[in-house]
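Structure data (mmCIF, C-alpha atoms) from input-v8.cif:
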data_upload
#
loop_
_atom_site.label_atom_id
_atom_site.label_comp_id
_atom_site.auth_asym_id
_atom_site.auth_seq_id
_atom_site.Cartn_x
_atom_site.Cartn_y
_atom_site.Cartn_z
CA MET A 1 -9.71 8.09 6.17
CA ASP A 2 -11.59 11.16 7.39
CA GLU A 3 -11.88 10.86 11.17
CA PHE A 4 -9.45 7.98 11.68
CA ASN A 5 -6.12 8.77 13.26
CA LEU A 6 -4.88 5.31 14.19
CA LEU A 7 -4.38 2.38 11.86
CA SER A 8 -3.74 -1.24 12.77
CA PHE A 9 -2.47 -3.83 10.27
CA PRO A 10 -2.33 -7.18 12.08
CA PRO A 11 -1.56 -10.44 10.25
CA PHE A 12 -4.57 -11.93 8.46
CA PRO A 13 -5.38 -14.69 11.00
CA TYR A 14 -6.02 -12.02 13.66
CA LEU A 15 -8.17 -9.59 11.65
CA SER A 16 -11.55 -10.86 12.84
CA GLN A 17 -10.36 -10.96 16.46
CA MET A 18 -9.02 -7.42 16.17
CA ALA A 19 -12.27 -6.24 14.58
CA GLN A 20 -14.13 -7.49 17.66
CA THR A 21 -11.61 -5.98 20.08
CA ILE A 22 -10.87 -2.49 18.80
CA ASN A 23 -13.04 0.59 18.86
CA ALA A 24 -13.76 0.90 15.14
CA GLU A 25 -14.52 4.59 15.56
CA ALA A 26 -11.02 5.25 16.89
CA ILE A 27 -8.89 2.68 15.05
CA GLN A 28 -9.14 1.76 11.40
CA LEU A 29 -8.47 -1.93 10.76
CA GLY A 30 -6.24 -2.71 7.82
CA ALA A 31 -4.86 -5.74 6.02
CA GLN A 32 -1.22 -6.19 5.08
CA ASN A 33 -2.01 -7.55 1.62
CA MET A 34 -4.81 -8.62 -0.68
CA CYS A 35 -5.41 -10.53 -3.90
CA TRP A 36 -6.91 -8.58 -6.79
CA GLN A 37 -9.42 -11.34 -7.60
CA ASP A 38 -12.79 -11.71 -5.85
CA SER A 39 -12.74 -15.50 -6.08
CA GLY A 40 -11.16 -18.39 -7.93
CA ALA A 41 -8.28 -20.82 -7.65
CA PHE A 42 -5.80 -18.57 -5.84
CA THR A 43 -4.52 -20.83 -3.10
CA GLY A 44 -3.42 -18.94 -0.01
CA GLU A 45 -4.62 -15.56 -1.26
CA VAL A 46 -7.13 -13.34 0.54
CA SER A 47 -9.76 -11.58 -1.56
CA PRO A 48 -11.13 -8.07 -1.00
CA LEU A 49 -14.49 -9.66 -0.12
CA MET A 50 -12.86 -11.78 2.59
CA LEU A 51 -11.17 -8.70 4.03
CA LYS A 52 -14.46 -6.82 4.16
CA ASP A 53 -16.01 -9.82 5.95
CA CYS A 54 -13.25 -9.49 8.55
CA GLY A 55 -14.02 -5.81 9.20
CA VAL A 56 -11.14 -4.37 7.18
CA SER A 57 -11.50 -0.91 5.64
CA ILE A 58 -7.94 -0.22 4.43
CA VAL A 59 -5.35 -2.44 2.75
CA GLU A 60 -1.60 -1.99 2.40
CA ILE A 61 -0.48 -2.59 -1.17
CA GLY A 62 2.99 -2.73 -2.72
CA HIS A 63 5.15 -2.82 0.39
CA SER A 64 8.81 -3.24 -0.53
CA GLU A 65 8.94 -6.63 1.21
CA ARG A 66 6.04 -7.85 -0.95
CA ARG A 67 7.83 -6.57 -4.04
CA ALA A 68 11.24 -8.02 -3.14
CA MET A 69 10.29 -11.35 -1.56
CA PHE A 70 7.01 -12.25 -3.25
CA GLY A 71 7.49 -10.83 -6.73
CA GLU A 72 4.82 -8.14 -6.50
CA THR A 73 5.12 -5.81 -9.48
CA ASP A 74 3.88 -2.35 -10.37
CA ASN A 75 1.23 -4.10 -12.47
CA THR A 76 -0.07 -6.26 -9.60
CA VAL A 77 -0.08 -3.19 -7.36
CA ASN A 78 -2.37 -1.50 -9.90
CA LEU A 79 -4.66 -4.54 -10.05
CA LYS A 80 -4.91 -4.53 -6.25
CA VAL A 81 -5.63 -0.79 -6.13
CA LEU A 82 -8.47 -1.20 -8.62
CA ALA A 83 -9.88 -4.19 -6.73
CA ALA A 84 -9.71 -2.37 -3.39
CA LEU A 85 -11.54 0.65 -4.76
CA LYS A 86 -14.14 -1.57 -6.46
CA HIS A 87 -15.03 -3.01 -3.06
CA GLY A 88 -14.90 0.19 -1.02
CA LEU A 89 -11.55 -0.51 0.62
CA THR A 90 -9.00 2.27 0.95
CA PRO A 91 -5.74 1.32 -0.78
CA LEU A 92 -2.62 2.47 1.06
CA VAL A 93 0.01 2.19 -1.65
CA CYS A 94 3.64 1.94 -0.58
CA VAL A 95 6.15 3.46 -2.98
CA GLY A 96 9.87 3.88 -2.56
CA ASP A 97 13.26 3.94 -4.15
CA THR A 98 16.06 1.43 -3.65
CA ALA A 99 19.58 2.25 -2.49
CA ASP A 100 20.82 1.89 -6.08
CA GLU A 101 18.14 4.24 -7.39
CA LYS A 102 19.13 6.76 -4.73
CA LYS A 103 22.82 6.38 -5.66
CA TRP A 104 22.04 6.83 -9.36
CA GLY A 105 19.96 9.95 -8.68
CA VAL A 106 16.69 8.50 -10.04
CA SER A 107 14.67 8.34 -6.82
CA VAL A 108 12.01 10.77 -8.03
CA GLU A 109 11.67 9.03 -11.39
CA SER A 110 11.32 5.64 -9.70
CA VAL A 111 8.64 6.82 -7.30
CA VAL A 112 6.75 8.72 -10.01
CA ARG A 113 6.73 5.55 -12.14
CA GLN A 114 5.34 3.54 -9.24
CA VAL A 115 2.63 6.12 -8.54
CA LYS A 116 1.59 6.47 -12.18
CA ILE A 117 1.25 2.72 -12.62
CA ALA A 118 -0.53 2.27 -9.26
CA LEU A 119 -3.10 4.87 -10.32
CA PHE A 120 -3.50 3.66 -13.93
CA ASP A 121 -7.22 3.43 -14.81
CA VAL A 122 -8.29 4.74 -11.40
CA PRO A 123 -11.31 6.98 -12.07
CA PHE A 124 -10.52 10.64 -11.47
CA ASP A 125 -13.12 10.90 -8.70
CA LYS A 126 -11.49 7.96 -6.87
CA VAL A 127 -7.87 9.18 -6.92
CA THR A 128 -8.34 10.99 -3.60
CA ASP A 129 -9.47 7.68 -2.04
CA VAL A 130 -5.95 6.29 -2.54
CA ILE A 131 -3.33 6.94 0.13
CA LEU A 132 0.31 7.05 -1.00
CA ALA A 133 3.03 6.24 1.52
CA TYR A 134 6.61 7.06 0.63
CA GLU A 135 8.85 4.46 2.21
CA PRO A 136 12.36 4.42 0.78
CA VAL A 137 13.60 0.84 0.67
CA TRP A 138 17.04 1.96 1.81
CA ALA A 139 15.53 3.31 5.06
CA ILE A 140 13.86 0.06 6.16
CA GLY A 141 15.13 -2.35 8.80
CA GLU A 142 18.07 -2.52 11.15
CA GLU A 143 20.56 -1.71 8.40
CA GLY A 144 18.45 1.13 7.04
CA THR A 145 19.32 4.80 7.17
CA PRO A 146 16.38 7.05 8.02
CA ALA A 147 15.47 9.51 5.27
CA THR A 148 16.24 13.11 6.05
CA LYS A 149 13.45 15.67 5.94
CA GLU A 150 14.96 17.07 2.74
CA GLU A 151 15.12 13.64 1.04
CA ALA A 152 11.47 12.90 1.88
CA GLU A 153 10.33 16.36 0.79
CA THR A 154 12.17 16.08 -2.53
CA VAL A 155 10.35 12.88 -3.44
CA GLN A 156 6.99 13.85 -1.97
CA SER A 157 6.89 17.22 -3.73
CA CYS A 158 7.15 15.74 -7.24
CA ASN A 159 4.09 15.97 -9.48
CA PRO A 160 3.34 12.73 -11.31
#

Show me, as structure tokens, the structure contained in the file I just sent.
Amino acid sequence: MDEFNLLSFPPFPYLSQMAQTINAEAIQLGAQNMCWQDSGAFTGEVSPLMLKDCGVSIVEIGHSERRAMFGETDNTVNLKVLAALKHGLTPLVCVGDTADEKKWGVSVESVVRQVKIALFDVPFDKVTDVILAYEPVWAIGEEGTPATKEEAETVQSCNP
């Protein structure tokens, strides 16, 4: 992400319009999701090639809503990370623990598992091209409780 400070992740139908509107030197355009396949019979999915055509340079992968509502798994997150890197897109991988995992005291283990699987088969020289975003599931939404500095630091300081 080098010189970029601002990121924008509009819904897919507005990506091309945003690409024409924003100052690409000041704002990096991102997609909220992506298919891991370049082409094929994947009705409703958006390929990495399509995203590049729309001016996207970064893609959000593994958001908790995608995992919970659309069945995204650690395995599909890995496939998407590999596809993004293959096509020069920066994968922004969302990882986080659930309220139950927090209650059971396995937050670190859960996040480490997600990170290890997301980075499986990523070439060593490409690991630094992946951005990891810790977003505890229990902190999201109106009912969520924001993570304390200590909670975030505990998870973020682990070494997968």

Apply the PyMOL selection byres ((chain A and resi 128) around 12) to the structure shown and report the selected residues as a list of chain:residue names.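 Output from the PyMOL selection byres ((chain A and resi 128) around 12), applied to this file: A:Met1, A:Asp2, A:Leu85, A:Thr90, A:Pro91, A:Leu92, A:Leu119, A:Val122, A:Pro123, A:Phe124, A:Asp125, A:Lys126, A:Val127, A:Asp129, A:Val130, A:Ile131, A:Leu132.
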
Quick one: apply the PyMOL selection byres ((chain A and resi 158) around 12) to the file and drop the selected residues here as a PyMOL selection string. chain A and resi 107-113+115-116+134+151-157+159-160

Within 10 Å of (-11.0, -4.0, -5.9) (file coordinates; only C-alpha atoms), which protein or nucleic acid residues are there? I'd like them as a short mmCIF file (atom, residue, chain, number, x, y, z; two decimals) with C-alpha atoms, in the frame of the given file.
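Below is the file that was written, selection_15.cif:
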data_model
loop_
_atom_site.label_atom_id
_atom_site.label_comp_id
_atom_site.auth_asym_id
_atom_site.auth_seq_id
_atom_site.Cartn_x
_atom_site.Cartn_y
_atom_site.Cartn_z
CA MET A 34 -4.81 -8.62 -0.68
CA CYS A 35 -5.41 -10.53 -3.90
CA TRP A 36 -6.91 -8.58 -6.79
CA GLN A 37 -9.42 -11.34 -7.60
CA ASP A 38 -12.79 -11.71 -5.85
CA SER A 47 -9.76 -11.58 -1.56
CA PRO A 48 -11.13 -8.07 -1.00
CA LEU A 49 -14.49 -9.66 -0.12
CA ASN A 78 -2.37 -1.50 -9.90
CA LEU A 79 -4.66 -4.54 -10.05
CA LYS A 80 -4.91 -4.53 -6.25
CA VAL A 81 -5.63 -0.79 -6.13
CA LEU A 82 -8.47 -1.20 -8.62
CA ALA A 83 -9.88 -4.19 -6.73
CA ALA A 84 -9.71 -2.37 -3.39
CA LEU A 85 -11.54 0.65 -4.76
CA LYS A 86 -14.14 -1.57 -6.46
CA HIS A 87 -15.03 -3.01 -3.06
CA GLY A 88 -14.90 0.19 -1.02
CA LEU A 89 -11.55 -0.51 0.62
CA THR A 90 -9.00 2.27 0.95
CA PRO A 91 -5.74 1.32 -0.78
#

The PyMOL selection byres ((chain A and resi 136) around 6) applied to the shown file, residues as number ranges by chain: A: 96-97, 135, 137-139

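Of note, CA of Glu142 in chain A and CA of Tyr14 in chain A are spaced 26.0 Å apart.
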
Residue nearest Glu65 in chain A - candidates A:Ile22, A:Ala147, A:Leu15, A:Val95, atoms counted: all atoms listed in the file: A:Val95

CA of Arg66 in chain A and CA of Pro146 in chain A, how far apart in Å?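 One can read the CA of Pro146 in chain A to CA of Arg66 in chain A distance as 20.2 Å.
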
How would range 100-129 of chain A look written as a PDB file, in the first residue's frame with N, CA, C and O atoms?
ATOM      1  N   ASP A 100     -17.947 -16.546  21.459  1.00  0.00           N
ATOM      2  CA  ASP A 100     -17.691 -17.816  22.144  1.00  0.00           C
ATOM      3  C   ASP A 100     -16.199 -18.085  22.257  1.00  0.00           C
ATOM      4  O   ASP A 100     -15.716 -18.513  23.307  1.00  0.00           O
ATOM      5  N   GLU A 101     -15.451 -17.847  21.207  1.00  0.00           N
ATOM      6  CA  GLU A 101     -13.998 -18.070  21.256  1.00  0.00           C
ATOM      7  C   GLU A 101     -13.345 -17.168  22.295  1.00  0.00           C
ATOM      8  O   GLU A 101     -12.424 -17.582  23.002  1.00  0.00           O
ATOM      9  N   LYS A 102     -13.841 -15.942  22.400  1.00  0.00           N
ATOM     10  CA  LYS A 102     -13.329 -15.028  23.424  1.00  0.00           C
ATOM     11  C   LYS A 102     -13.654 -15.581  24.820  1.00  0.00           C
ATOM     12  O   LYS A 102     -12.786 -15.639  25.689  1.00  0.00           O
ATOM     13  N   LYS A 103     -14.905 -16.017  25.001  1.00  0.00           N
ATOM     14  CA  LYS A 103     -15.342 -16.555  26.299  1.00  0.00           C
ATOM     15  C   LYS A 103     -14.517 -17.783  26.686  1.00  0.00           C
ATOM     16  O   LYS A 103     -14.149 -17.960  27.840  1.00  0.00           O
ATOM     17  N   TRP A 104     -14.220 -18.628  25.719  1.00  0.00           N
ATOM     18  CA  TRP A 104     -13.475 -19.864  25.979  1.00  0.00           C
ATOM     19  C   TRP A 104     -11.969 -19.634  26.113  1.00  0.00           C
ATOM     20  O   TRP A 104     -11.218 -20.561  26.408  1.00  0.00           O
ATOM     21  N   GLY A 105     -11.514 -18.405  25.849  1.00  0.00           N
ATOM     22  CA  GLY A 105     -10.098 -18.102  25.977  1.00  0.00           C
ATOM     23  C   GLY A 105      -9.241 -18.620  24.826  1.00  0.00           C
ATOM     24  O   GLY A 105      -8.047 -18.870  25.009  1.00  0.00           O
ATOM     25  N   VAL A 106      -9.836 -18.773  23.631  1.00  0.00           N
ATOM     26  CA  VAL A 106      -9.079 -19.292  22.486  1.00  0.00           C
ATOM     27  C   VAL A 106      -9.006 -18.267  21.345  1.00  0.00           C
ATOM     28  O   VAL A 106      -8.817 -18.647  20.182  1.00  0.00           O
ATOM     29  N   SER A 107      -9.110 -16.999  21.679  1.00  0.00           N
ATOM     30  CA  SER A 107      -9.067 -15.957  20.646  1.00  0.00           C
ATOM     31  C   SER A 107      -7.783 -16.017  19.837  1.00  0.00           C
ATOM     32  O   SER A 107      -7.811 -15.996  18.597  1.00  0.00           O
ATOM     33  N   VAL A 108      -6.650 -16.076  20.520  1.00  0.00           N
ATOM     34  CA  VAL A 108      -5.363 -16.091  19.823  1.00  0.00           C
ATOM     35  C   VAL A 108      -5.261 -17.313  18.922  1.00  0.00           C
ATOM     36  O   VAL A 108      -4.879 -17.208  17.750  1.00  0.00           O
ATOM     37  N   GLU A 109      -5.631 -18.472  19.444  1.00  0.00           N
ATOM     38  CA  GLU A 109      -5.556 -19.697  18.642  1.00  0.00           C
ATOM     39  C   GLU A 109      -6.438 -19.606  17.402  1.00  0.00           C
ATOM     40  O   GLU A 109      -6.053 -20.033  16.307  1.00  0.00           O
ATOM     41  N   SER A 110      -7.621 -19.036  17.546  1.00  0.00           N
ATOM     42  CA  SER A 110      -8.548 -18.898  16.425  1.00  0.00           C
ATOM     43  C   SER A 110      -7.970 -17.981  15.347  1.00  0.00           C
ATOM     44  O   SER A 110      -8.010 -18.303  14.157  1.00  0.00           O
ATOM     45  N   VAL A 111      -7.435 -16.858  15.765  1.00  0.00           N
ATOM     46  CA  VAL A 111      -6.884 -15.905  14.802  1.00  0.00           C
ATOM     47  C   VAL A 111      -5.621 -16.471  14.151  1.00  0.00           C
ATOM     48  O   VAL A 111      -5.429 -16.334  12.941  1.00  0.00           O
ATOM     49  N   VAL A 112      -4.775 -17.125  14.929  1.00  0.00           N
ATOM     50  CA  VAL A 112      -3.563 -17.728  14.360  1.00  0.00           C
ATOM     51  C   VAL A 112      -3.934 -18.766  13.311  1.00  0.00           C
ATOM     52  O   VAL A 112      -3.338 -18.822  12.225  1.00  0.00           O
ATOM     53  N   ARG A 113      -4.957 -19.583  13.597  1.00  0.00           N
ATOM     54  CA  ARG A 113      -5.422 -20.576  12.623  1.00  0.00           C
ATOM     55  C   ARG A 113      -5.861 -19.892  11.328  1.00  0.00           C
ATOM     56  O   ARG A 113      -5.480 -20.290  10.229  1.00  0.00           O
ATOM     57  N   GLN A 114      -6.641 -18.832  11.458  1.00  0.00           N
ATOM     58  CA  GLN A 114      -7.122 -18.117  10.278  1.00  0.00           C
ATOM     59  C   GLN A 114      -5.962 -17.538   9.467  1.00  0.00           C
ATOM     60  O   GLN A 114      -5.957 -17.621   8.230  1.00  0.00           O
ATOM     61  N   VAL A 115      -4.988 -16.977  10.149  1.00  0.00           N
ATOM     62  CA  VAL A 115      -3.836 -16.382   9.461  1.00  0.00           C
ATOM     63  C   VAL A 115      -3.011 -17.462   8.766  1.00  0.00           C
ATOM     64  O   VAL A 115      -2.637 -17.313   7.598  1.00  0.00           O
ATOM     65  N   LYS A 116      -2.726 -18.553   9.467  1.00  0.00           N
ATOM     66  CA  LYS A 116      -1.923 -19.617   8.869  1.00  0.00           C
ATOM     67  C   LYS A 116      -2.575 -20.185   7.617  1.00  0.00           C
ATOM     68  O   LYS A 116      -1.909 -20.418   6.611  1.00  0.00           O
ATOM     69  N   ILE A 117      -3.876 -20.392   7.663  1.00  0.00           N
ATOM     70  CA  ILE A 117      -4.570 -20.945   6.498  1.00  0.00           C
ATOM     71  C   ILE A 117      -4.651 -19.900   5.384  1.00  0.00           C
ATOM     72  O   ILE A 117      -4.439 -20.220   4.211  1.00  0.00           O
ATOM     73  N   ALA A 118      -4.906 -18.648   5.726  1.00  0.00           N
ATOM     74  CA  ALA A 118      -4.966 -17.591   4.705  1.00  0.00           C
ATOM     75  C   ALA A 118      -3.643 -17.487   3.954  1.00  0.00           C
ATOM     76  O   ALA A 118      -3.625 -17.235   2.742  1.00  0.00           O
ATOM     77  N   LEU A 119      -2.530 -17.706   4.649  1.00  0.00           N
ATOM     78  CA  LEU A 119      -1.206 -17.552   4.046  1.00  0.00           C
ATOM     79  C   LEU A 119      -0.622 -18.857   3.510  1.00  0.00           C
ATOM     80  O   LEU A 119       0.493 -18.864   2.980  1.00  0.00           O
ATOM     81  N   PHE A 120      -1.373 -19.948   3.581  1.00  0.00           N
ATOM     82  CA  PHE A 120      -0.881 -21.246   3.109  1.00  0.00           C
ATOM     83  C   PHE A 120      -0.510 -21.156   1.623  1.00  0.00           C
ATOM     84  O   PHE A 120      -1.286 -20.665   0.809  1.00  0.00           O
ATOM     85  N   ASP A 121       0.673 -21.591   1.287  1.00  0.00           N
ATOM     86  CA  ASP A 121       1.199 -21.597  -0.087  1.00  0.00           C
ATOM     87  C   ASP A 121       1.482 -20.216  -0.660  1.00  0.00           C
ATOM     88  O   ASP A 121       1.774 -20.085  -1.856  1.00  0.00           O
ATOM     89  N   VAL A 122       1.399 -19.170   0.158  1.00  0.00           N
ATOM     90  CA  VAL A 122       1.799 -17.842  -0.313  1.00  0.00           C
ATOM     91  C   VAL A 122       3.327 -17.829  -0.348  1.00  0.00           C
ATOM     92  O   VAL A 122       3.966 -18.135   0.656  1.00  0.00           O
ATOM     93  N   PRO A 123       3.923 -17.510  -1.494  1.00  0.00           N
ATOM     94  CA  PRO A 123       5.388 -17.465  -1.559  1.00  0.00           C
ATOM     95  C   PRO A 123       5.951 -16.491  -0.523  1.00  0.00           C
ATOM     96  O   PRO A 123       5.367 -15.427  -0.271  1.00  0.00           O
ATOM     97  N   PHE A 124       7.075 -16.856   0.042  1.00  0.00           N
ATOM     98  CA  PHE A 124       7.674 -16.067   1.125  1.00  0.00           C
ATOM     99  C   PHE A 124       7.830 -14.599   0.728  1.00  0.00           C
ATOM    100  O   PHE A 124       7.551 -13.711   1.523  1.00  0.00           O
ATOM    101  N   ASP A 125       8.247 -14.343  -0.513  1.00  0.00           N
ATOM    102  CA  ASP A 125       8.464 -12.965  -0.945  1.00  0.00           C
ATOM    103  C   ASP A 125       7.166 -12.188  -1.169  1.00  0.00           C
ATOM    104  O   ASP A 125       7.190 -10.987  -1.416  1.00  0.00           O
ATOM    105  N   LYS A 126       6.015 -12.868  -1.080  1.00  0.00           N
ATOM    106  CA  LYS A 126       4.720 -12.216  -1.266  1.00  0.00           C
ATOM    107  C   LYS A 126       3.961 -12.005   0.047  1.00  0.00           C
ATOM    108  O   LYS A 126       2.932 -11.332   0.066  1.00  0.00           O
ATOM    109  N   VAL A 127       4.455 -12.588   1.132  1.00  0.00           N
ATOM    110  CA  VAL A 127       3.747 -12.484   2.414  1.00  0.00           C
ATOM    111  C   VAL A 127       3.558 -11.031   2.830  1.00  0.00           C
ATOM    112  O   VAL A 127       2.501 -10.653   3.326  1.00  0.00           O
ATOM    113  N   THR A 128       4.561 -10.195   2.571  1.00  0.00           N
ATOM    114  CA  THR A 128       4.443  -8.784   2.963  1.00  0.00           C
ATOM    115  C   THR A 128       3.474  -8.007   2.075  1.00  0.00           C
ATOM    116  O   THR A 128       3.158  -6.853   2.372  1.00  0.00           O
ATOM    117  N   ASP A 129       2.995  -8.622   0.995  1.00  0.00           N
ATOM    118  CA  ASP A 129       1.986  -7.978   0.147  1.00  0.00           C
ATOM    119  C   ASP A 129       0.570  -8.193   0.681  1.00  0.00           C
ATOM    120  O   ASP A 129      -0.383  -7.624   0.157  1.00  0.00           O
TER     121      ASP A 129
END
